[in-house]
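> For reference, the structure I am asking about is given below.
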Amino acid sequence: MHLLLTESFAASGMSATCEAERAYWLSREKAAVSAPVEIDVVEFHEAAGLMYPMNWRHDTPQDTETFMLAEMYCGNVTEIYARCGRRYFRMRDYCNTNHADIVRKVKEVFSPKTTGQK
């Protein structure tokens, strides 16, 4: 989905429907979502100090902590930071993603896979 909004395509850009524009921005938002990557403790704490963190949560029994930046990256997608034990992660996802889902997504990528052996 592309909206042709450059000067050379001004006429076709002005005739774009609101549905086409909405679809375009939703596709950009979806493309902004990224998988977790491991970071160091310094990057985690520097991110926490950039601005007041949004949705800061922790789960003491699981030894996990997550927060989001209040500034959106694209649409409703923001940078999310997570701590699982002594490991730290960054990802981009929707700002309404809850703590449990963030931790689950991190563990899906970084936890060892079980092979069903007993």
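Naming works like this for the structure tokens: A, B, ... for the chains as they're shown, residue 1 at the start of each chain, ligands 1 onward in shown order.
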Out of range 18-101 of chain A, which residues get alpha helix (DSSP H) from DSSP, as an MDAnalysis selection string?

chainID A and resid 18:32 41:50 99:101

> If we count only C-alpha atoms, what is near range 22-32 of chain A at a cut-off of 10 Å, once residues fewer than 4 positions away on the same chain are taken out, given as a list in words?

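That gives Met1, His2, Leu3, Thr17, Cys18, Tyr73, Cys74, Gly75, Asn76, Val77, Thr78, Glu79, Arg92, Asp93 and Tyr94 of chain A.
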
> Filtering to N, CA, C and O atoms, could you give me those residues as a tab-separated table (two decimals), in the first residue's frame?


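Saved the output as part-v7.tsv:
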```tsv
chain	number	residue	atom	x	y	z
A	1	MET	N	0.85	-1.18	0.00
A	1	MET	CA	0.00	0.00	0.00
A	1	MET	C	0.88	1.22	0.00
A	1	MET	O	1.72	1.38	0.87
A	2	HIS	N	0.75	2.06	-1.00
A	2	HIS	CA	1.53	3.28	-1.09
A	2	HIS	C	0.61	4.44	-1.43
A	2	HIS	O	-0.25	4.33	-2.31
A	3	LEU	N	0.79	5.53	-0.74
A	3	LEU	CA	0.11	6.77	-1.10
A	3	LEU	C	1.10	7.61	-1.87
A	3	LEU	O	2.23	7.80	-1.44
A	17	THR	N	-8.40	8.29	-0.76
A	17	THR	CA	-9.52	8.25	0.19
A	17	THR	C	-8.99	8.16	1.61
A	17	THR	O	-7.84	7.78	1.84
A	18	CYS	N	-9.83	8.48	2.56
A	18	CYS	CA	-9.42	8.38	3.95
A	18	CYS	C	-9.16	6.91	4.32
A	18	CYS	O	-8.30	6.62	5.13
A	73	TYR	N	6.95	5.63	18.40
A	73	TYR	CA	7.86	5.49	17.27
A	73	TYR	C	7.10	5.71	15.96
A	73	TYR	O	7.55	6.41	15.08
A	74	CYS	N	5.92	5.09	15.86
A	74	CYS	CA	5.04	5.24	14.69
A	74	CYS	C	3.63	4.85	15.11
A	74	CYS	O	3.43	3.73	15.58
A	75	GLY	N	2.69	5.74	14.97
A	75	GLY	CA	1.32	5.42	15.37
A	75	GLY	C	1.27	5.09	16.85
A	75	GLY	O	1.65	5.89	17.69
A	76	ASN	N	0.81	3.89	17.18
A	76	ASN	CA	0.73	3.43	18.57
A	76	ASN	C	1.86	2.47	18.93
A	76	ASN	O	1.75	1.72	19.89
A	77	VAL	N	2.92	2.47	18.16
A	77	VAL	CA	4.08	1.60	18.42
A	77	VAL	C	5.15	2.42	19.13
A	77	VAL	O	5.46	3.53	18.72
A	78	THR	N	5.70	1.84	20.19
A	78	THR	CA	6.74	2.51	20.98
A	78	THR	C	7.87	1.55	21.29
A	78	THR	O	7.75	0.34	21.08
A	79	GLU	N	8.97	2.09	21.79
A	79	GLU	CA	10.09	1.28	22.24
A	79	GLU	C	9.73	0.69	23.60
A	79	GLU	O	9.26	1.40	24.49
A	92	ARG	N	10.13	-3.20	19.76
A	92	ARG	CA	9.09	-2.24	19.43
A	92	ARG	C	7.78	-3.00	19.31
A	92	ARG	O	7.71	-4.02	18.63
A	93	ASP	N	6.76	-2.47	19.96
A	93	ASP	CA	5.44	-3.09	19.89
A	93	ASP	C	4.40	-2.04	20.26
A	93	ASP	O	4.73	-0.91	20.60
A	94	TYR	N	3.14	-2.45	20.21
A	94	TYR	CA	2.04	-1.53	20.49
A	94	TYR	C	2.06	-1.12	21.96
A	94	TYR	O	2.38	-1.92	22.84
```

> Excluding Arg57 in chain A and residues on its chain fewer than 2 positions from it, collect all residues at most 9 Å away from it, counting only C-alpha atoms, and give them as a list in words.

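Surrounding residues, per the criterion: Asn55, Asp59, Thr64, Glu65, Thr66, Phe67, Asn98 and His99 of chain A.
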
> Using N, CA, C and O atoms, can you export the residues from the last selection as a short mmCIF file (atom, residue, chain, number, x, y, z; two decimals), in the first residue's frame?


```cif
data_model
loop_
_atom_site.label_atom_id
_atom_site.label_comp_id
_atom_site.auth_asym_id
_atom_site.auth_seq_id
_atom_site.Cartn_x
_atom_site.Cartn_y
_atom_site.Cartn_z
N ASN A 55 3.90 2.81 31.65
CA ASN A 55 3.51 1.42 31.95
C ASN A 55 4.65 0.62 32.58
O ASN A 55 4.89 -0.52 32.21
N ASP A 59 7.31 -7.99 38.09
CA ASP A 59 6.74 -9.20 38.68
C ASP A 59 7.85 -9.83 39.51
O ASP A 59 8.78 -10.44 38.96
N THR A 64 10.98 -10.14 36.72
CA THR A 64 10.87 -9.45 35.43
C THR A 64 10.43 -8.00 35.66
O THR A 64 9.77 -7.69 36.65
N GLU A 65 10.78 -7.15 34.71
CA GLU A 65 10.44 -5.74 34.77
C GLU A 65 10.32 -5.24 33.33
O GLU A 65 11.09 -5.63 32.47
N THR A 66 9.32 -4.40 33.07
CA THR A 66 9.15 -3.83 31.73
C THR A 66 8.72 -2.38 31.84
O THR A 66 8.10 -1.97 32.82
N PHE A 67 9.07 -1.60 30.82
CA PHE A 67 8.54 -0.25 30.69
C PHE A 67 8.59 0.15 29.23
O PHE A 67 9.25 -0.48 28.41
N ASN A 98 0.67 -5.66 27.29
CA ASN A 98 0.83 -5.74 28.74
C ASN A 98 2.13 -6.45 29.13
O ASN A 98 2.80 -7.07 28.31
N HIS A 99 2.46 -6.35 30.40
CA HIS A 99 3.71 -6.90 30.94
C HIS A 99 3.86 -8.39 30.62
O HIS A 99 4.92 -8.82 30.15
#
```

> So that I can check the secondary structure, give me every residue of chain A assigned strand (DSSP E) by backbone DSSP, as a ChimeraX atom specification.

/A:34-39,54-59,64-74,77-84,87-94

> Produce a file of the selected residues containing N, CA and C atoms, as a tab-separated table (two decimals), in the first residue's frame.


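So out04.tsv came out as:
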```
chain	number	residue	atom	x	y	z
A	34	SER	N	8.94	-4.68	16.07
A	34	SER	CA	10.16	-5.47	15.89
A	34	SER	C	10.32	-6.47	17.04
A	35	ALA	N	11.03	-7.54	16.75
A	35	ALA	CA	11.28	-8.60	17.74
A	35	ALA	C	12.26	-8.10	18.80
A	36	PRO	N	12.24	-8.75	19.96
A	36	PRO	CA	13.19	-8.37	21.02
A	36	PRO	C	14.64	-8.63	20.61
A	37	VAL	N	15.51	-7.72	21.04
A	37	VAL	CA	16.95	-7.89	20.90
A	37	VAL	C	17.57	-7.69	22.28
A	38	GLU	N	18.64	-8.41	22.54
A	38	GLU	CA	19.28	-8.28	23.84
A	38	GLU	C	20.16	-7.03	23.86
A	39	ILE	N	20.10	-6.32	24.98
A	39	ILE	CA	20.89	-5.10	25.18
A	39	ILE	C	21.63	-5.22	26.49
A	54	MET	N	6.59	4.89	30.67
A	54	MET	CA	5.16	4.60	30.61
A	54	MET	C	4.95	3.12	30.92
A	55	ASN	N	3.90	2.81	31.65
A	55	ASN	CA	3.51	1.42	31.95
A	55	ASN	C	4.65	0.62	32.58
A	56	TRP	N	5.32	1.18	33.54
A	56	TRP	CA	6.41	0.47	34.21
A	56	TRP	C	5.80	-0.59	35.11
A	57	ARG	N	6.17	-1.84	34.88
A	57	ARG	CA	5.62	-2.96	35.65
A	57	ARG	C	6.75	-3.90	36.05
A	58	HIS	N	6.50	-4.64	37.13
A	58	HIS	CA	7.45	-5.68	37.53
A	58	HIS	C	6.68	-6.84	38.12
A	59	ASP	N	7.31	-7.99	38.09
A	59	ASP	CA	6.74	-9.20	38.68
A	59	ASP	C	7.85	-9.83	39.51
A	64	THR	N	10.98	-10.14	36.72
A	64	THR	CA	10.87	-9.45	35.43
A	64	THR	C	10.43	-8.00	35.66
A	65	GLU	N	10.78	-7.15	34.71
A	65	GLU	CA	10.44	-5.74	34.77
A	65	GLU	C	10.32	-5.24	33.33
A	66	THR	N	9.32	-4.40	33.07
A	66	THR	CA	9.15	-3.83	31.73
A	66	THR	C	8.72	-2.38	31.84
A	67	PHE	N	9.07	-1.60	30.82
A	67	PHE	CA	8.54	-0.25	30.69
A	67	PHE	C	8.59	0.15	29.23
A	68	MET	N	7.86	1.22	28.90
A	68	MET	CA	7.79	1.73	27.53
A	68	MET	C	8.17	3.20	27.54
A	69	LEU	N	8.66	3.68	26.41
A	69	LEU	CA	8.86	5.11	26.26
A	69	LEU	C	7.51	5.75	25.96
A	70	ALA	N	7.28	6.93	26.49
A	70	ALA	CA	6.00	7.62	26.29
A	70	ALA	C	5.88	8.19	24.88
A	71	GLU	N	7.00	8.37	24.21
A	71	GLU	CA	6.98	8.89	22.84
A	71	GLU	C	6.79	7.71	21.87
A	72	MET	N	5.85	7.86	20.97
A	72	MET	CA	5.57	6.78	20.02
A	72	MET	C	6.59	6.80	18.87
A	73	TYR	N	6.95	5.63	18.40
A	73	TYR	CA	7.86	5.49	17.27
A	73	TYR	C	7.10	5.71	15.96
A	74	CYS	N	5.92	5.09	15.86
A	74	CYS	CA	5.04	5.24	14.69
A	74	CYS	C	3.63	4.85	15.11
A	77	VAL	N	2.92	2.47	18.16
A	77	VAL	CA	4.08	1.60	18.42
A	77	VAL	C	5.15	2.42	19.13
A	78	THR	N	5.70	1.84	20.19
A	78	THR	CA	6.74	2.51	20.98
A	78	THR	C	7.87	1.55	21.29
A	79	GLU	N	8.97	2.09	21.79
A	79	GLU	CA	10.09	1.28	22.24
A	79	GLU	C	9.73	0.69	23.60
A	80	ILE	N	9.96	-0.61	23.75
A	80	ILE	CA	9.66	-1.32	25.00
A	80	ILE	C	10.95	-1.94	25.50
A	81	TYR	N	11.18	-1.82	26.80
A	81	TYR	CA	12.37	-2.38	27.44
A	81	TYR	C	11.93	-3.40	28.47
A	82	ALA	N	12.69	-4.48	28.56
A	82	ALA	CA	12.35	-5.56	29.48
A	82	ALA	C	13.60	-6.07	30.17
A	83	ARG	N	13.41	-6.48	31.42
A	83	ARG	CA	14.47	-7.17	32.17
A	83	ARG	C	13.90	-8.51	32.61
A	84	CYS	N	14.62	-9.56	32.30
A	84	CYS	CA	14.26	-10.91	32.74
A	84	CYS	C	15.46	-11.45	33.49
A	87	ARG	N	19.15	-10.35	32.43
A	87	ARG	CA	19.25	-10.06	31.00
A	87	ARG	C	18.29	-8.94	30.64
A	88	TYR	N	18.69	-8.12	29.66
A	88	TYR	CA	17.93	-6.93	29.29
A	88	TYR	C	17.63	-6.95	27.80
A	89	PHE	N	16.44	-6.42	27.44
A	89	PHE	CA	15.97	-6.50	26.06
A	89	PHE	C	15.27	-5.22	25.65
A	90	ARG	N	15.26	-4.99	24.32
A	90	ARG	CA	14.52	-3.87	23.72
A	90	ARG	C	13.74	-4.42	22.55
A	91	MET	N	12.55	-3.89	22.36
A	91	MET	CA	11.72	-4.28	21.23
A	91	MET	C	10.79	-3.13	20.90
A	92	ARG	N	10.13	-3.20	19.76
A	92	ARG	CA	9.09	-2.24	19.43
A	92	ARG	C	7.78	-3.00	19.31
A	93	ASP	N	6.76	-2.47	19.96
A	93	ASP	CA	5.44	-3.09	19.89
A	93	ASP	C	4.40	-2.04	20.26
A	94	TYR	N	3.14	-2.45	20.21
A	94	TYR	CA	2.04	-1.53	20.49
A	94	TYR	C	2.06	-1.12	21.96
```

> Just checking: using only C-alpha atoms, which residue out of A:Cys95, A:Val103, A:Ala16, A:Ala48 ends up closest to Asp63 in chain A?

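For Asp63 in chain A, the nearest of the candidates is A:Val103.
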
> For the atom pair CA of Glu108 in chain A and CA of Leu50 in chain A, what is the interatomic distance in Å to one decimal place?

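So the answer is 27.7 Å.
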